[in-house]
Each structure stands twice: as structure tokens, then as C-alpha cells.
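Report on one structure; see the data block that follows.
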Amino acid sequence: MAEWNPNNSIITMDTVPIRFGIGATEEIAYEIGKRGIKKVMLVSDPHLREIGLLDTVEALIRDSGVSVVTYDKAHAEPSDLSLKQALSFQEGVDTDGYVALGGGSTIDTAKAMNLYGTYPAPLQAYINKPIGEGIPVRGPLKPLIAVPTTAGTGSESTTVIIMDLLDLHLKTGISHPYIRPTVGIIDHLNTITMPPVVTASTGLAVLCHALESYISLSYNARPRSMSPDDRPAYIGSNPVSDLFCREAITLASKYLRRAYFQANDLEARSQMLMASTLAGFGFGNAGVHIPHAMGYPVAGMIRDYVAPGYPNRTKSQVPHGMSCIVNAPASFRFTFPAWPERHEDAARMMGVDTSGMTTEQLANAIPDTLIQLMKDLDMPNGLKDLNYQEAHIPSLVDGTLKQQRLLVNSPRPVTPSALENIFRDAMSYW
Ligand SMILES: NC(=O)c1ccc[n+]([C@@H]2O[C@H](COP(=O)([O-])OP(=O)(O)OC[C@H]3O[C@@H](n4cnc5c(N)ncnc54)[C@H](O)[C@@H]3O)[C@@H](O)[C@H]2O)c1
């Protein structure tokens with residue numbers, strides 16, 4: 001018997017099979033056939049219909065003799081309302097498998113259609129406690145083939161669905177291992193049409209996923225679970241997720257500017273999609289923390305802000321990556337004292353020469369590098385550019401404190417007053 005240790009000592013690593021590389025999309029009919037799917041529900045969004053990407057994939061599936069019903073109305077940043085619309089679309093449609101073609105919004109919408117289509121229940125039922133009832137998913141879902149078109153959220157490999165609850169002005173999620181897609185078809189040819197602002201926002205999400213996971217509270221510094229069923233999906237940084245995160249930080253730091261400035265740079269597109277995939281593997285088991293936890297109320301409470309150049313956005317909305325990156329420099333300034341070596345390590349992966357730096361310079365190495373990247377990619381200069389002011393801080397803090405699932409991953413304990421200071425620091429950076 002192993003000696004009793006009150007802390008967790010077990011590393012878990014679950015992920016999705018992937019087909020990665022140029023032309024992988026052409027194997028979609030093969031992947032569908034392999035799983036015996038005869039009636040596909042294809043989920044996508046109106047912009048991908050408009051630019052022709054959806055028509056191409058629809059034809060690839062149809063030409064293989066499989067019947068297809070297409071839902072092309074997935075909303076960017078899905079909400080309780082948009083998910084209910086997707087669920088009512090599929091009522092009475094006979095389907096035995098799903099294909100999601102799009103960014104995280106579409107993949108999450110398809111995950112929800114699969115979950116509620118397989119085990120019908122009121123929307124509230126599977127949403128995480130305390131906001132929803134947190135009922136565990138009863139059993140395996142239908143096959144879901146995820147084809148990401150952004151680089152990206154990593155949703156093709158995660159067990160999570162994220163949604164806005166419109167009346168509560170809150171973002172939250174559903175999380176269960178059965179929600180994970182069956183296979184990810186990851187092809188950078190599907191990402192070259194991303195407009196620059198989508199490339200920037202989604203690429204910065206990749207960097208946040210990898211940095212937060214790499215600098216999350218270690219897997220063996222938290223309490224042991226009573227049973228394997230109780231072990232949280234996010235176990236904290238560990239030697240397995242570290243491998244993925246290190247590479248993702250290095251690749252995203254090196255290639256994001258190139259993908260932003262030269263849409264057709266295939267090497268940059270491919271390396272950003274690799275970074276997104278690896279970060280997805282990393283954060284899918286280590287977990288994100290403060291920048292994401294703050295990003296949820298930042299996105300949920302937004303008023304009078306439309307991201308310039310973002311497709312399909314007519315109402316106030318902050319894209320996911322933008323809602324996280326605006327908090328990241330201030331968050332990493334806060335977490336630095338808890339684990340200086342990790343922060344220095346990550347800064348080096350971002351290309352910073354840390355030799356001879358003072359402690360103060362080291363504390364600012366990640367924040368300064370992120371701020372320069374935000375400037376170069378024309379991102380908002382902190383929360384004030386999203387029309388937040390000091391007076392909003394108490395509500396933003398309240399909204400962040402509801403994300404305990406994420407805050408427990410911070411390497412430094414997060415108090416309400418610490419959050420207040422981080423929000424103040426995140427108001428503007430330059
Ligand atoms: N489930 C998870 O693990 C997870 C993780 C992180 C974020 N998310 C969620 O994912 C959502 C954000 O997803 P996203 O950042 O990938 O963006 P998105 O799916 O919201 O897409 C953003 C916009 O870009 C357009 N677009 C996407 N790909 C394109 C392409 N190749 N060419 C042209 N336009 C394209 C879309 O039509 C859309 O208008 C948020 O709801 C966020 O909360 C989920």
C-alpha cells in the first residue's frame with residue numbers, strides 16, 4: 001500500500017484522438033464512416049456559410065452518401081437563449097452523429113446539441129453548480145467530430161461547454177468527460193480566412209490557456225479526492241500538461257504576430273493551430289485560473305462594446321480571448337511571488353532574456369511581454385477600453401468569486417481584496 005498522503009498524488013491525462021495537418025478535412029467522410037454514422041447533424045455558423053467553408057464540408061459529407069441536416073445558426077459566444085434555439089431546431093430530427101465546423105462557439109453549441117439531444121433535460125440540469133443543478137451526464141453521447149476553424153479554444157479536445165446566461169449577466173459552463181468530442185480534425189487550411197481581429201483574439205486565448213495552466217497550482221499541492229469520481233477535471237500543473245503548455249507558449253509567442261499580419265502565411269497558421277491543440281491538451285487537464293475567472297464577468301456584464309471587425313457581432317459582446325487577455329498582465333503580476341521560477345521559465349519561452357534581471361524586472365517579464373503583444377495586435381488597452389470604470393469593480397469581483405472552480409487553480413490564494421487590486425491594475429496598461 002502507498003503511504004497515506006493528504007494531498008493528491010495522481011496525474012490524469014485524458015484527451016481526444018486527432019487528425020492534424022493540411023488536408024485532414026478531406027478525411028472527414030472516412031471518420032464518419034468509421035463510426036457508422038449515417039445521418040449527420042452538421043453544426044456551423046452563418047459567417048462560415050457566407051464565406052463558403054461550410055458548403056465545402058457539407059459537400060464532402062454528402063458526396064460520401066451520408067445524409068446531412070445542417071444547423072448553420074450557431075451564435076458567436078453561445079448563450080442560454082442561442083442554445084435553446086439550437087435544441088429546438090434539432091427536435092424531431094433523426095441523427096446518429098454530429099459534425100461541428102467552426103470556432104469554440106460552434107463546437108460548444110454542437111456539444112450541447114449532442115448532450116441534450118441524447119439525454120433530454122431542462123437546460124439548467126447539467127449546468128455547473130451552484131448556478132445550475134450540476135447533474136452528471138448519464139452515459140456516452142453520440143459521436144461528435146469537431147473541426148476547428150479558429151486557433152483557438154481547444155474545444156475540440158475538452159470536456160466543457162461555455163455559455164452566457166443572459167439574464168444573470170454571467171458566463172458559466174457544463175463540464176463532464178462524456179462531453180468530449182470523439183475526434184478532432186485539425187486542418188490549418190480552415191483557419192486562413194479568419195479576419196485579423198479573430199486571429200488576434202483567438203491566438204491570445206491560446207497563450208492564456210497555456211500560460212495559466214503552466215503556472216497553475218501544482219497537482220500535488222491540493223487535497224486528495226475521496227474517490228476518482230470526485231477528482232476535478234482540472235488537476236493543476238503537472239509534468240504531462242507542462243510538456244504541452246511549454247511548446248504552446250513557445251509557438252504562440254513566435255507565430256501569432258505573423259498569422260495576424262500575413263493571413264496567408266501557412267507556416268504561421270499551422271504553428272498557431274498546433275499551439276492551440278497543445279494548449280487544449282494542457283489546459284484540458286491542468287486548468288486555467290485568474291484571467292479566465294475574471295474574463296467571465298468581463299464578458300457577461302459587457303455594455304456598449306462591439307469588437308471592431310469581428311464578424312456576426314451586432315450586440316455588445318467581448319470575444320473570449322479578448323475578455324481573458326485584458327486581465328492577464330495584472331493577474332501574472334499578482335501570481336509572481338507565489339512561484340517566481342515558473343514565471344521566469346514561462347517568460348523565457350516567450351522569448352525574454354531574463355539573465356541578470358532584478359526580482360522586480362522578473363515580476364514584470366510576462367506582463368510586459370503580453371502588453372507589447374496586445375499593442376501590436378491592436379487589442380483594447382485594458383478594461384477601460386471595454387467601457388468599464390472603477391465603479392464596476394465590486395460587481396466584477398462578485399462575478400469572479402463565483403468562478404471558484406477556476407480560482408482554486410491559482411498558485412496564490414485569491415481574496416476579494418486581491419481581486420479588487422487586480423481589476424484596478426487591469427483598467428489600463430499603456
Ligand atoms: N469548450 C471549451 O473548452 C472552450 C474553451 C475556451 C473558450 N470556449 C468558448 O469558445 C467561444 C469562442 O470561440 P472562438 O474564440 O473560437 O471564436 P468563435 O467560434 O466565437 O468565432 C468567432 C468569429 O469568427 C468567425 N470565424 C471562425 N472561424 C473562422 C474562419 N476560419 N474564417 C472566418 N471567420 C471565422 C466566426 O464566424 C465568428 O463570427 C466562447 O464562447 C468561449 O467561451 C470554449
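Each chain of the C-alpha cells is named A, B, ... in the order shown, its residues numbered from 1; ligands are numbered from 1 in display order.
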Selection: 10 Å around Asn7 of chain A, only C-alpha atoms, excl. self and same-chain fewer than 5 positions, as a list in words: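 In the requested format, the answer is Tyr219, Asn220, Ala221, Arg222, Pro223, Arg224 and Ser225 of chain A.
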May I ask you to write as a PDB file with N, CA and C atoms, in the first residue's frame all residues lying at most 6 Å from ligand 1, with only C-alpha atoms and all ligand atoms counted?
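New file out-v9.pdb:
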```pdb
ATOM      1  N   ASP A  45     -21.773  28.096 -38.359  1.00  0.00           N
ATOM      2  CA  ASP A  45     -22.339  29.432 -38.106  1.00  0.00           C
ATOM      3  C   ASP A  45     -22.553  30.204 -39.409  1.00  0.00           C
ATOM      4  N   HIS A  47     -21.484  32.982 -40.653  1.00  0.00           N
ATOM      5  CA  HIS A  47     -20.335  33.573 -41.344  1.00  0.00           C
ATOM      6  C   HIS A  47     -19.587  32.502 -42.151  1.00  0.00           C
ATOM      7  N   LEU A  48     -19.491  31.307 -41.614  1.00  0.00           N
ATOM      8  CA  LEU A  48     -18.778  30.242 -42.342  1.00  0.00           C
ATOM      9  C   LEU A  48     -19.604  29.776 -43.551  1.00  0.00           C
ATOM     10  N   ALA A  76     -21.972  33.278 -32.135  1.00  0.00           N
ATOM     11  CA  ALA A  76     -20.660  33.549 -31.548  1.00  0.00           C
ATOM     12  C   ALA A  76     -20.894  33.787 -30.066  1.00  0.00           C
ATOM     13  N   GLU A  77     -20.092  33.179 -29.196  1.00  0.00           N
ATOM     14  CA  GLU A  77     -20.264  33.213 -27.739  1.00  0.00           C
ATOM     15  C   GLU A  77     -21.693  32.754 -27.405  1.00  0.00           C
ATOM     16  N   PRO A  78     -21.948  31.447 -27.441  1.00  0.00           N
ATOM     17  CA  PRO A  78     -23.313  30.952 -27.234  1.00  0.00           C
ATOM     18  C   PRO A  78     -23.898  31.372 -25.887  1.00  0.00           C
ATOM     19  N   GLY A 102     -16.340  24.965 -36.993  1.00  0.00           N
ATOM     20  CA  GLY A 102     -16.314  26.358 -36.557  1.00  0.00           C
ATOM     21  C   GLY A 102     -15.363  26.570 -35.397  1.00  0.00           C
ATOM     22  N   GLY A 103     -15.486  27.737 -34.785  1.00  0.00           N
ATOM     23  CA  GLY A 103     -14.659  28.042 -33.620  1.00  0.00           C
ATOM     24  C   GLY A 103     -15.260  27.401 -32.374  1.00  0.00           C
ATOM     25  N   GLY A 104     -14.757  27.838 -31.224  1.00  0.00           N
ATOM     26  CA  GLY A 104     -15.227  27.291 -29.954  1.00  0.00           C
ATOM     27  C   GLY A 104     -16.729  27.447 -29.786  1.00  0.00           C
ATOM     28  N   SER A 105     -17.286  28.534 -30.328  1.00  0.00           N
ATOM     29  CA  SER A 105     -18.729  28.771 -30.163  1.00  0.00           C
ATOM     30  C   SER A 105     -19.539  27.664 -30.827  1.00  0.00           C
ATOM     31  N   THR A 106     -19.138  27.310 -32.040  1.00  0.00           N
ATOM     32  CA  THR A 106     -19.862  26.274 -32.780  1.00  0.00           C
ATOM     33  C   THR A 106     -19.635  24.907 -32.154  1.00  0.00           C
ATOM     34  N   ASP A 108     -18.936  24.225 -29.085  1.00  0.00           N
ATOM     35  CA  ASP A 108     -19.700  24.146 -27.826  1.00  0.00           C
ATOM     36  C   ASP A 108     -21.200  23.979 -28.102  1.00  0.00           C
ATOM     37  N   THR A 149     -12.103  25.891 -36.711  1.00  0.00           N
ATOM     38  CA  THR A 149     -11.712  26.846 -37.757  1.00  0.00           C
ATOM     39  C   THR A 149     -11.015  28.060 -37.145  1.00  0.00           C
ATOM     40  N   THR A 150     -10.835  28.050 -35.833  1.00  0.00           N
ATOM     41  CA  THR A 150     -10.027  29.089 -35.179  1.00  0.00           C
ATOM     42  C   THR A 150      -8.862  28.405 -34.472  1.00  0.00           C
ATOM     43  N   GLY A 152      -7.031  29.256 -31.122  1.00  0.00           N
ATOM     44  CA  GLY A 152      -8.307  28.645 -30.915  1.00  0.00           C
ATOM     45  C   GLY A 152      -8.491  28.263 -29.439  1.00  0.00           C
ATOM     46  N   THR A 153      -9.663  27.735 -29.276  1.00  0.00           N
ATOM     47  CA  THR A 153     -10.124  27.439 -27.918  1.00  0.00           C
ATOM     48  C   THR A 153      -9.689  26.068 -27.421  1.00  0.00           C
ATOM     49  N   GLY A 154      -9.369  25.163 -28.362  1.00  0.00           N
ATOM     50  CA  GLY A 154      -9.073  23.790 -27.950  1.00  0.00           C
ATOM     51  C   GLY A 154     -10.341  23.028 -27.603  1.00  0.00           C
ATOM     52  N   SER A 155     -11.515  23.609 -27.882  1.00  0.00           N
ATOM     53  CA  SER A 155     -12.772  22.959 -27.505  1.00  0.00           C
ATOM     54  C   SER A 155     -12.921  21.573 -28.134  1.00  0.00           C
ATOM     55  N   THR A 158     -11.759  19.313 -25.329  1.00  0.00           N
ATOM     56  CA  THR A 158     -12.123  19.495 -23.918  1.00  0.00           C
ATOM     57  C   THR A 158     -13.501  18.917 -23.593  1.00  0.00           C
ATOM     58  N   VAL A 160     -15.828  20.541 -21.942  1.00  0.00           N
ATOM     59  CA  VAL A 160     -16.538  21.705 -21.429  1.00  0.00           C
ATOM     60  C   VAL A 160     -17.418  22.353 -22.494  1.00  0.00           C
ATOM     61  N   ILE A 161     -18.556  22.903 -22.043  1.00  0.00           N
ATOM     62  CA  ILE A 161     -19.402  23.771 -22.878  1.00  0.00           C
ATOM     63  C   ILE A 161     -19.501  25.092 -22.120  1.00  0.00           C
ATOM     64  N   ILE A 162     -19.196  26.215 -22.793  1.00  0.00           N
ATOM     65  CA  ILE A 162     -19.284  27.519 -22.112  1.00  0.00           C
ATOM     66  C   ILE A 162     -20.464  28.293 -22.691  1.00  0.00           C
ATOM     67  N   ASN A 190      -8.399  25.497 -42.805  1.00  0.00           N
ATOM     68  CA  ASN A 190      -9.697  26.016 -42.345  1.00  0.00           C
ATOM     69  C   ASN A 190      -9.563  27.306 -41.540  1.00  0.00           C
ATOM     70  N   THR A 191      -8.336  27.738 -41.261  1.00  0.00           N
ATOM     71  CA  THR A 191      -8.182  28.928 -40.399  1.00  0.00           C
ATOM     72  C   THR A 191      -7.722  30.167 -41.161  1.00  0.00           C
ATOM     73  N   ILE A 192      -7.311  30.006 -42.428  1.00  0.00           N
ATOM     74  CA  ILE A 192      -6.684  31.162 -43.096  1.00  0.00           C
ATOM     75  C   ILE A 192      -7.671  32.290 -43.401  1.00  0.00           C
ATOM     76  N   THR A 193      -8.964  31.989 -43.377  1.00  0.00           N
ATOM     77  CA  THR A 193      -9.945  33.041 -43.645  1.00  0.00           C
ATOM     78  C   THR A 193     -10.289  33.866 -42.397  1.00  0.00           C
ATOM     79  N   MET A 194      -9.724  33.511 -41.250  1.00  0.00           N
ATOM     80  CA  MET A 194     -10.011  34.306 -40.044  1.00  0.00           C
ATOM     81  C   MET A 194      -9.597  35.752 -40.260  1.00  0.00           C
ATOM     82  N   PRO A 195     -10.493  36.714 -40.007  1.00  0.00           N
ATOM     83  CA  PRO A 195     -10.059  38.108 -40.073  1.00  0.00           C
ATOM     84  C   PRO A 195      -9.011  38.383 -38.984  1.00  0.00           C
ATOM     85  N   VAL A 198      -9.998  38.276 -35.305  1.00  0.00           N
ATOM     86  CA  VAL A 198     -10.320  36.932 -34.787  1.00  0.00           C
ATOM     87  C   VAL A 198      -9.011  36.164 -34.548  1.00  0.00           C
ATOM     88  N   THR A 202      -8.312  34.953 -30.760  1.00  0.00           N
ATOM     89  CA  THR A 202      -8.242  33.509 -30.516  1.00  0.00           C
ATOM     90  C   THR A 202      -6.796  33.088 -30.196  1.00  0.00           C
ATOM     91  N   PRO A 311     -16.746  39.375 -37.091  1.00  0.00           N
ATOM     92  CA  PRO A 311     -17.945  39.006 -37.845  1.00  0.00           C
ATOM     93  C   PRO A 311     -19.112  38.639 -36.928  1.00  0.00           C
ATOM     94  N   ASN A 312     -20.327  38.822 -37.412  1.00  0.00           N
ATOM     95  CA  ASN A 312     -21.539  38.378 -36.693  1.00  0.00           C
ATOM     96  C   ASN A 312     -21.743  39.037 -35.353  1.00  0.00           C
ATOM     97  N   HIS A 320     -14.070  35.930 -26.561  1.00  0.00           N
ATOM     98  CA  HIS A 320     -13.483  35.180 -25.448  1.00  0.00           C
ATOM     99  C   HIS A 320     -12.015  35.546 -25.159  1.00  0.00           C
TER     100      HIS A 320
END
```
Pick from A:Met41, A:Val352, A:Leu377, A:Ile135, whichever lies nearest to Thr109 of chain A using only C-alpha atoms: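 Going through A:Met41, A:Val352, A:Leu377, A:Ile135 one by one, the smallest distance to Thr109 of chain A is for A:Met41.
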Atom-to-atom span, atom CA of Ser9 of chain A and atom CA of Ile249 of chain A, Å: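 Straight-line distance from atom CA of Ser9 of chain A to atom CA of Ile249 of chain A works out to 25.9 Å.
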Shell around Leu166 of chain A at 8 Å using only C-alpha atoms, local window under 4 positions removed, as a PyMOL selection string: chain A and resi 79-81+170+300
DSSP alpha helix (DSSP H) selection over segment 228-295 of chain A, as JSON, numbers by chain: {"A": [239, 240, 241, 242, 243, 244, 245, 246, 247, 248, 249, 250, 251, 252, 253, 254, 255, 256, 257, 258, 259, 260, 261, 266, 267, 268, 269, 270, 271, 272, 273, 274, 275, 276, 277, 278, 279, 280, 281, 282, 283, 284, 285, 290, 291, 292, 293, 294, 295]}
Straight-line distance linking atom CA of Ala363 of chain A with atom CA of Ile393 of chain A, stated in Å to one decimal: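 Separation between atom CA of Ala363 of chain A and atom CA of Ile393 of chain A: 24.0 Å.
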Shell of 10 Å around Ala29 of chain A, only C-alpha atoms, local chain residues under 4 positions omitted, as a list in words: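 After dropping sequence-adjacent residues, the list is Thr25, Gly33, Lys34, Ile37, Val57, Leu60, Ile61, Arg62, Asp63, Ser64, Gly65 and Val66 of chain A.
Here atom CA of Ser241 of chain A is placed at a distance of 9.4 Å from atom CA of Ile11 of chain A.
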Minimum-distance residue to Gly92 of chain A, chosen among A:Ala110, A:Asn238, A:Leu251, A:Val69 (using only C-alpha atoms):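 Nearest to Gly92 of chain A: A:Val69.
In terms of minimum interatomic distance to Glu27 of chain A, A:Val183 ranks closest within A:Glu156, A:Val183, A:Ala299, A:Ala74, counting only C-alpha atoms.
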Minimum-distance residue to Thr277 of chain A, chosen among A:Leu87, A:Met163, A:Val298, A:Ile185 (using only C-alpha atoms):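 So, comparing all the options, the nearest one is A:Ile185.
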Residues of segment 40-117 of chain A at most 6 Å from segment 140-148 of chain A: nearest atom pair and distance in Å, only C-alpha atoms, as JSON lines:
```
{"residue": "A:Gly97", "atom": "CA", "partner": "A:Pro143", "partner_atom": "CA", "distance": 5.0}
{"residue": "A:Tyr98", "atom": "CA", "partner": "A:Leu144", "partner_atom": "CA", "distance": 4.6}
{"residue": "A:Val99", "atom": "CA", "partner": "A:Ile145", "partner_atom": "CA", "distance": 4.7}
{"residue": "A:Ala100", "atom": "CA", "partner": "A:Ala146", "partner_atom": "CA", "distance": 4.8}
{"residue": "A:Leu101", "atom": "CA", "partner": "A:Val147", "partner_atom": "CA", "distance": 4.8}
{"residue": "A:Gly102", "atom": "CA", "partner": "A:Pro148", "partner_atom": "CA", "distance": 5.1}
{"residue": "A:Gly103", "atom": "CA", "partner": "A:Pro148", "partner_atom": "CA", "distance": 5.4}
```
Residues of the last selection are to be written out with N, CA and C atoms, as a CSV table (one decimal), in the first residue's frame.
```
chain,number,residue,atom,x,y,z
A,97,GLY,N,-25.1,11.1,-35.3
A,97,GLY,CA,-23.8,11.7,-35.0
A,97,GLY,C,-23.7,13.1,-35.5
A,98,TYR,N,-22.8,13.8,-34.9
A,98,TYR,CA,-22.6,15.3,-35.1
A,98,TYR,C,-21.3,15.6,-35.7
A,99,VAL,N,-21.3,16.7,-36.6
A,99,VAL,CA,-20.0,17.3,-37.0
A,99,VAL,C,-20.1,18.7,-36.7
A,100,ALA,N,-19.1,19.3,-36.0
A,100,ALA,CA,-19.1,20.7,-35.7
A,100,ALA,C,-18.0,21.3,-36.5
A,101,LEU,N,-18.3,22.4,-37.3
A,101,LEU,CA,-17.3,23.1,-38.1
A,101,LEU,C,-17.4,24.5,-37.7
A,102,GLY,N,-16.3,25.0,-37.0
A,102,GLY,CA,-16.3,26.4,-36.6
A,102,GLY,C,-15.4,26.6,-35.4
A,103,GLY,N,-15.5,27.7,-34.8
A,103,GLY,CA,-14.7,28.0,-33.6
A,103,GLY,C,-15.3,27.4,-32.4
```
